[in-house]
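input-v8.txt (compact mmCIF, C-alpha atoms) appears below.
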```txt
# COMPACT_ATOMS: atom_id res chain seq x y z
CA MET A 1 139.22 -196.90 3.39
CA SER A 2 136.95 -198.87 1.12
CA THR A 3 136.26 -202.54 1.36
CA PRO A 4 139.23 -204.52 0.14
CA SER A 5 138.62 -206.22 -3.16
CA ASN A 6 140.77 -209.20 -2.27
CA LYS A 7 139.11 -211.72 -0.07
CA VAL A 8 139.92 -211.65 3.62
CA ASP A 9 138.59 -214.25 5.98
CA LEU A 10 136.87 -212.30 8.71
CA GLY A 11 137.59 -215.12 11.12
CA SER A 12 141.33 -214.58 10.68
CA LEU A 13 141.19 -210.96 11.85
CA SER A 14 141.85 -209.98 15.43
CA PRO A 15 138.99 -208.44 17.42
CA GLN A 16 140.73 -205.05 17.28
CA GLN A 17 140.91 -205.23 13.51
CA LEU A 18 137.28 -206.26 13.39
CA VAL A 19 136.30 -203.29 15.53
CA GLU A 20 138.26 -200.98 13.23
CA PHE A 21 136.66 -202.57 10.21
CA ARG A 22 133.23 -202.16 11.74
CA LYS A 23 133.98 -198.51 12.43
CA SER A 24 134.90 -197.84 8.81
CA ILE A 25 131.76 -199.61 7.61
CA ASP A 26 129.71 -197.54 10.01
CA GLN A 27 131.24 -194.42 8.53
CA GLU A 28 130.52 -195.58 5.01
CA ILE A 29 126.92 -196.34 5.89
CA ASN A 30 126.55 -192.91 7.44
CA HIS A 31 128.05 -191.29 4.37
CA PHE A 32 125.78 -193.17 1.99
CA THR A 33 122.69 -192.47 4.09
CA GLN A 34 123.49 -188.77 3.97
CA SER A 35 124.01 -188.90 0.22
CA LEU A 36 120.70 -190.65 -0.18
CA GLN A 37 118.95 -187.96 1.82
CA ALA A 38 120.63 -185.27 -0.27
CA LEU A 39 119.40 -187.01 -3.42
CA GLN A 40 115.88 -187.12 -2.09
CA THR A 41 115.85 -183.42 -1.19
CA ALA A 42 117.20 -182.56 -4.63
CA GLN A 43 114.51 -184.70 -6.17
CA SER A 44 111.70 -183.05 -4.24
CA LYS A 45 113.00 -179.65 -5.34
CA LEU A 46 112.90 -180.76 -8.96
CA LYS A 47 109.40 -182.09 -8.47
CA ASP A 48 108.41 -178.68 -7.12
CA CYS A 49 109.64 -177.17 -10.39
CA VAL A 50 107.48 -179.56 -12.41
CA THR A 51 104.37 -178.83 -10.34
CA SER A 52 105.05 -175.10 -10.64
CA VAL A 53 105.11 -175.36 -14.42
CA ASP A 54 101.99 -177.50 -14.34
CA ASN A 55 100.17 -175.00 -12.14
CA LEU A 56 101.12 -172.09 -14.32
CA GLU A 57 99.94 -173.99 -17.37
CA LYS A 58 96.59 -174.74 -15.75
CA SER A 59 95.86 -171.28 -14.42
CA LYS A 60 93.86 -169.13 -16.82
CA SER A 61 94.70 -165.78 -15.26
CA GLU A 62 97.93 -163.94 -15.83
CA ASP A 63 98.16 -162.76 -12.26
CA LEU A 64 100.79 -164.13 -9.99
CA LEU A 65 102.76 -163.10 -6.96
CA VAL A 66 106.42 -162.48 -7.48
CA PRO A 67 108.45 -163.49 -4.45
CA LEU A 68 111.08 -160.92 -3.52
CA THR A 69 111.99 -162.77 -0.36
CA SER A 70 110.36 -165.81 1.18
CA SER A 71 107.91 -163.51 2.97
CA LEU A 72 107.63 -160.51 0.64
CA TYR A 73 105.65 -160.61 -2.59
CA LEU A 74 104.68 -158.29 -5.39
CA PRO A 75 101.61 -158.76 -7.56
CA GLY A 76 102.66 -159.37 -11.14
CA LYS A 77 101.43 -160.50 -14.51
CA THR A 78 102.92 -163.02 -16.86
CA ILE A 79 103.59 -161.42 -20.20
CA LYS A 80 104.90 -164.38 -22.10
CA LYS A 81 103.51 -167.72 -21.24
CA ASN A 82 105.10 -170.93 -22.33
CA GLU A 83 108.54 -169.39 -22.16
CA TYR A 84 110.53 -170.58 -19.20
CA LEU A 85 114.12 -169.95 -18.30
CA VAL A 86 115.46 -173.26 -17.10
CA ASP A 87 118.62 -173.67 -15.08
CA ILE A 88 120.34 -176.64 -16.68
CA GLY A 89 123.32 -176.47 -14.33
CA THR A 90 126.73 -174.82 -13.96
CA GLY A 91 125.25 -171.38 -14.51
CA TYR A 92 123.65 -172.05 -17.89
CA PHE A 93 120.03 -171.09 -18.45
CA VAL A 94 117.99 -172.00 -21.50
CA GLU A 95 114.68 -170.65 -22.72
CA LYS A 96 112.22 -173.47 -23.05
CA SER A 97 108.56 -174.18 -23.58
CA ALA A 98 106.58 -175.71 -20.74
CA LYS A 99 106.81 -179.16 -22.30
CA ASP A 100 110.56 -178.99 -22.82
CA ALA A 101 111.12 -177.51 -19.39
CA LYS A 102 109.26 -180.36 -17.78
CA GLN A 103 111.26 -182.78 -19.87
CA VAL A 104 114.49 -181.42 -18.42
CA TYR A 105 113.24 -181.86 -14.88
CA ASP A 106 111.73 -185.27 -15.53
CA PHE A 107 115.03 -186.41 -16.98
CA LYS A 108 116.89 -185.20 -13.92
CA ILE A 109 114.38 -186.81 -11.58
CA LYS A 110 114.77 -190.09 -13.43
CA ARG A 111 118.54 -189.89 -13.13
CA LEU A 112 118.31 -189.22 -9.43
CA ASP A 113 115.94 -192.16 -9.10
CA GLU A 114 118.52 -194.43 -10.68
CA ASP A 115 121.28 -193.09 -8.46
CA ALA A 116 119.10 -193.47 -5.38
CA LYS A 117 118.43 -197.06 -6.32
CA LYS A 118 122.14 -197.76 -6.70
CA LEU A 119 122.79 -196.16 -3.34
CA LYS A 120 120.10 -198.23 -1.69
CA ASP A 121 121.65 -201.41 -3.11
CA ILE A 122 125.03 -200.39 -1.73
CA LEU A 123 123.47 -199.64 1.64
CA VAL A 124 121.85 -203.07 1.77
CA GLN A 125 125.19 -204.68 0.96
CA LYS A 126 127.02 -202.63 3.56
CA ASN A 127 124.46 -203.49 6.20
CA GLU A 128 124.90 -207.15 5.39
CA ILE A 129 128.65 -206.84 5.82
CA LEU A 130 128.12 -205.01 9.07
CA ASN A 131 125.91 -207.80 10.36
CA THR A 132 128.46 -210.44 9.40
CA VAL A 133 131.25 -208.51 11.10
CA ASN A 134 129.16 -208.17 14.23
CA LEU A 135 128.44 -211.87 14.19
CA VAL A 136 132.11 -212.84 13.80
CA LEU A 137 133.09 -210.33 16.46
CA ARG A 138 130.61 -211.79 18.92
CA LYS A 139 131.88 -215.29 18.20
CA LYS A 140 135.45 -214.12 18.82
CA MET A 141 134.47 -212.52 22.09
CA ILE A 142 132.87 -215.72 23.29
CA GLU A 143 135.99 -217.67 22.27
CA ILE A 144 138.27 -215.28 24.12
CA GLU A 145 136.10 -215.36 27.19
CA SER A 146 136.10 -219.13 27.32
CA GLN A 147 139.88 -219.11 26.79
CA GLN A 148 140.34 -216.73 29.68
CA GLN A 149 138.34 -219.04 31.89
CA GLY A 150 140.88 -221.72 31.10
CA GLN A 151 138.54 -223.76 29.00
CA PRO A 152 139.35 -224.95 25.51
CA PRO A 153 137.70 -222.70 22.91
CA GLN A 154 134.41 -223.95 21.67
CA LYS A 155 134.42 -224.98 18.11
CA VAL A 156 131.38 -223.47 16.48
CA MET B 157 171.22 -193.02 14.70
CA SER B 158 169.29 -190.83 17.04
CA ASP B 159 167.02 -192.05 19.75
CA PRO B 160 164.47 -194.48 18.27
CA ARG B 161 161.75 -192.92 20.39
CA LYS B 162 162.44 -189.55 18.86
CA GLN B 163 162.47 -191.09 15.44
CA PHE B 164 159.20 -192.79 16.19
CA GLU B 165 157.63 -189.48 17.14
CA GLU B 166 158.93 -187.83 13.99
CA GLN B 167 157.59 -190.61 11.83
CA SER B 168 154.20 -190.64 13.46
CA LEU B 169 154.00 -186.89 12.97
CA ALA B 170 154.86 -187.39 9.33
CA PHE B 171 152.22 -190.07 9.14
CA ASN B 172 149.61 -187.69 10.50
CA THR B 173 150.41 -184.98 7.99
CA GLN B 174 150.30 -187.56 5.23
CA GLN B 175 146.91 -188.67 6.41
CA GLN B 176 145.68 -185.09 6.47
CA ASN B 177 147.00 -184.54 2.96
CA LEU B 178 145.28 -187.68 1.79
CA ASN B 179 141.96 -186.63 3.30
CA GLU B 180 142.30 -183.26 1.63
CA TYR B 181 143.03 -184.87 -1.73
CA ILE B 182 140.07 -187.16 -1.34
CA SER B 183 137.70 -184.28 -0.64
CA VAL B 184 139.10 -182.44 -3.67
CA ARG B 185 138.57 -185.59 -5.69
CA SER B 186 134.93 -185.88 -4.65
CA LYS B 187 134.33 -182.19 -5.41
CA LEU B 188 135.77 -182.71 -8.88
CA GLU B 189 133.53 -185.71 -9.32
CA THR B 190 130.48 -183.61 -8.46
CA GLN B 191 131.51 -180.96 -10.99
CA PHE B 192 132.20 -183.63 -13.55
CA GLN B 193 128.76 -185.15 -13.16
CA GLU B 194 127.06 -181.76 -13.27
CA ASN B 195 128.89 -180.77 -16.44
CA LYS B 196 128.05 -184.09 -18.03
CA ILE B 197 124.36 -183.46 -17.37
CA VAL B 198 124.69 -179.99 -18.88
CA LEU B 199 126.37 -181.43 -21.95
CA THR B 200 123.65 -184.04 -22.50
CA GLU B 201 121.21 -181.15 -22.21
CA PHE B 202 123.13 -179.25 -24.87
CA GLU B 203 122.93 -182.30 -27.12
CA ASN B 204 119.17 -181.85 -27.15
CA LEU B 205 119.41 -178.18 -28.08
CA ASN B 206 120.26 -176.50 -31.33
CA ASP B 207 121.37 -173.16 -32.71
CA GLU B 208 117.92 -171.72 -32.21
CA SER B 209 117.90 -172.25 -28.47
CA LYS B 210 118.32 -169.14 -26.43
CA ILE B 211 121.09 -169.80 -23.97
CA TYR B 212 122.16 -167.55 -21.15
CA LYS B 213 125.14 -167.80 -18.88
CA LEU B 214 124.86 -166.62 -15.31
CA THR B 215 127.84 -164.37 -14.69
CA GLY B 216 127.70 -162.85 -11.25
CA PRO B 217 124.25 -161.32 -10.89
CA ILE B 218 123.46 -161.04 -14.60
CA LEU B 219 122.44 -163.39 -17.36
CA ILE B 220 124.46 -163.00 -20.52
CA PRO B 221 123.15 -164.41 -23.77
CA GLN B 222 125.48 -166.93 -25.36
CA GLU B 223 125.80 -168.68 -28.68
CA TYR B 224 124.92 -172.35 -28.71
CA GLY B 225 128.22 -173.44 -30.22
CA GLU B 226 130.27 -171.35 -27.86
CA ALA B 227 128.42 -172.56 -24.79
CA LYS B 228 128.71 -176.18 -25.84
CA LEU B 229 132.40 -175.81 -26.56
CA ASN B 230 132.88 -174.22 -23.15
CA VAL B 231 131.27 -177.13 -21.39
CA THR B 232 133.19 -179.68 -23.44
CA LYS B 233 136.44 -177.89 -22.63
CA ARG B 234 135.52 -177.76 -18.99
CA ILE B 235 134.81 -181.47 -18.89
CA GLU B 236 138.21 -182.15 -20.44
CA PHE B 237 139.82 -179.91 -17.87
CA ILE B 238 138.05 -181.62 -15.00
CA GLN B 239 139.06 -185.02 -16.30
CA GLU B 240 142.68 -183.89 -16.36
CA GLU B 241 142.33 -182.59 -12.82
CA ILE B 242 140.82 -185.87 -11.68
CA LYS B 243 143.76 -187.77 -13.19
CA ARG B 244 146.20 -185.41 -11.50
CA ILE B 245 144.60 -185.72 -8.08
CA GLU B 246 144.34 -189.49 -8.40
CA THR B 247 148.08 -189.85 -8.97
CA LYS B 248 148.56 -187.61 -5.95
CA ILE B 249 146.25 -189.83 -3.91
CA SER B 250 148.03 -193.04 -4.89
CA ASP B 251 151.43 -191.41 -4.25
CA GLU B 252 150.31 -190.31 -0.83
CA GLU B 253 148.94 -193.75 -0.08
CA LYS B 254 152.28 -195.30 -1.01
CA ALA B 255 154.10 -192.79 1.17
CA MET B 256 151.76 -193.60 4.03
CA GLU B 257 152.41 -197.29 3.57
CA ALA B 258 156.17 -196.66 3.73
CA THR B 259 155.83 -194.55 6.87
CA ARG B 260 153.66 -197.17 8.47
CA ASP B 261 156.28 -199.83 7.80
CA LYS B 262 158.94 -197.59 9.32
CA LEU B 263 156.73 -196.99 12.34
CA LEU B 264 156.16 -200.70 12.86
CA ALA B 265 159.89 -201.40 12.59
CA LEU B 266 160.68 -198.64 15.06
CA ARG B 267 158.05 -199.87 17.47
CA SER B 268 159.40 -203.39 17.52
CA ASN B 269 162.86 -201.82 18.04
CA ILE B 270 161.65 -199.87 21.04
CA GLU B 271 159.81 -202.79 22.51
CA GLN B 272 162.89 -204.99 22.45
```
Please re-express this file's structure in structure tokens.
Amino acid sequence: MSTPSNKVDLGSLSPQQLVEFRKSIDQEINHFTQSLQALQTAQSKLKDCVTSVDNLEKSKSEDLLVPLTSSLYLPGKTIKKNEYLVDIGTGYFVEKSAKDAKQVYDFKIKRLDEDAKKLKDILVQKNEILNTVNLVLRKKMIEIESQQQGQPPQKV
Amino acid sequence: MSDPRKQFEEQSLAFNTQQQNLNEYISVRSKLETQFQENKIVLTEFENLNDESKIYKLTGPILIPQEYGEAKLNVTKRIEFIQEEIKRIETKISDEEKAMEATRDKLLALRSNIEQ
């Protein structure tokens, strides 16, 4: 599953174990890369919300197009400006002013930024481990090959 | 004692089901974690609100107005509930891991038996 917390000398593992270990690291890296992408999409959606609020604030006219589907719109007018219904998660919506609404989104974006940074750190670490495992594995393979040829293993 | 080969098969089958269970538990665990995080964000949001805030709860296709106190209490309760669930599933996970360890030991013993 996850990387063992107790120290294991990679050199003491058999090639099969190393391959298994590499496989699980590969999986972890995949998983984390996907999570990172998900975070980034979520973030860009939140940024869209902020720009939408900004645009609405800037525009002087009350006219806007209400999307019924992604390709069907109705002309509409904003009756109350500066009153936004913000989805704060788990089905709760709160009425907020433009400033407060943006604050909610900015806060979430900041949080996602922090999480993304953590994820990136983990990914760097995992990649380092992967490289080390690959290195040890290659060394092992060379040792085994030289053993099979009847030569004493090279001490590296 | 029945045929060790048969026993081996039985045990490896058991091992597979245990593994499946474990994977299931782990996915449940990560879902709970997602909910937990989401609810925590909602709660911090509620901390910034007050009685004057107009809060709505999405119930099916409609938004129902809700009192601030009630909504906050709901979320707090839900977080408690999720925490309990996480504890429950974690004991399940560690139990299953122990069971898997035991089965693996049995499998190894059986294999060395068969090989002899």
What's the separation between atom CA of Cys49 of chain A and atom CA of Lys102 of chain A, in Å to one decimal place?
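Between atom CA of Cys49 of chain A and atom CA of Lys102 of chain A the gap is 8.1 Å.
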Near chain A, which residues of chain B fall within 7 Å when you count all atoms listed in the file, and what do they look like as a ChimeraX atom specification?
/B:194-195,198,209-214
Write out as a VMD selection string each polymer residue whose atoms come within 12 Å of Ser250 of chain B, counting all atoms listed in the file; drop sequence neighbours fewer than 4 positions from it.
chain B and resid 174 177 to 178 181 to 182 243 to 246 254 to 257
Please compute the atom CA of Gln149 of chain A-atom CA of Leu135 of chain A distance, one decimal, in Å.
21.5 Å
Excluding Leu266 of chain B and any residue of its chain fewer than 4 positions from it, enumerate the residues within 8 Å of it, using all atoms listed in the file, and give them as a list in words.
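Residues meeting the cut-off are Pro160, Arg161, Gln163, Phe164, Lys262 and Ile270 of chain B.
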For a quick check of understanding, using all atoms listed in the file, which of B:Glu165, B:Glu180, B:Phe171, B:Ile218 has the smallest distance to Arg260 of chain B?
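Among B:Glu165, B:Glu180, B:Phe171, B:Ile218, it is B:Phe171 that comes nearest to Arg260 of chain B.
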Which residues, written as a PyMOL selection string, have at least one atom at most 12 Å from Asp9 of chain A, with only C-alpha atoms counted and residues fewer than 5 positions away on the same chain left out?
chain A and resi 4+14+17-18+132-133+136
Return the single residue from A:Gln16, A:Ala42, A:Gln37, A:Val53 that is closest to Gln103 of chain A, with distances computed using all atoms listed in the file.
A:Val53
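For the pair atom CA of Lys140 of chain A and atom CA of Phe21 of chain A, the separation is 14.5 Å.
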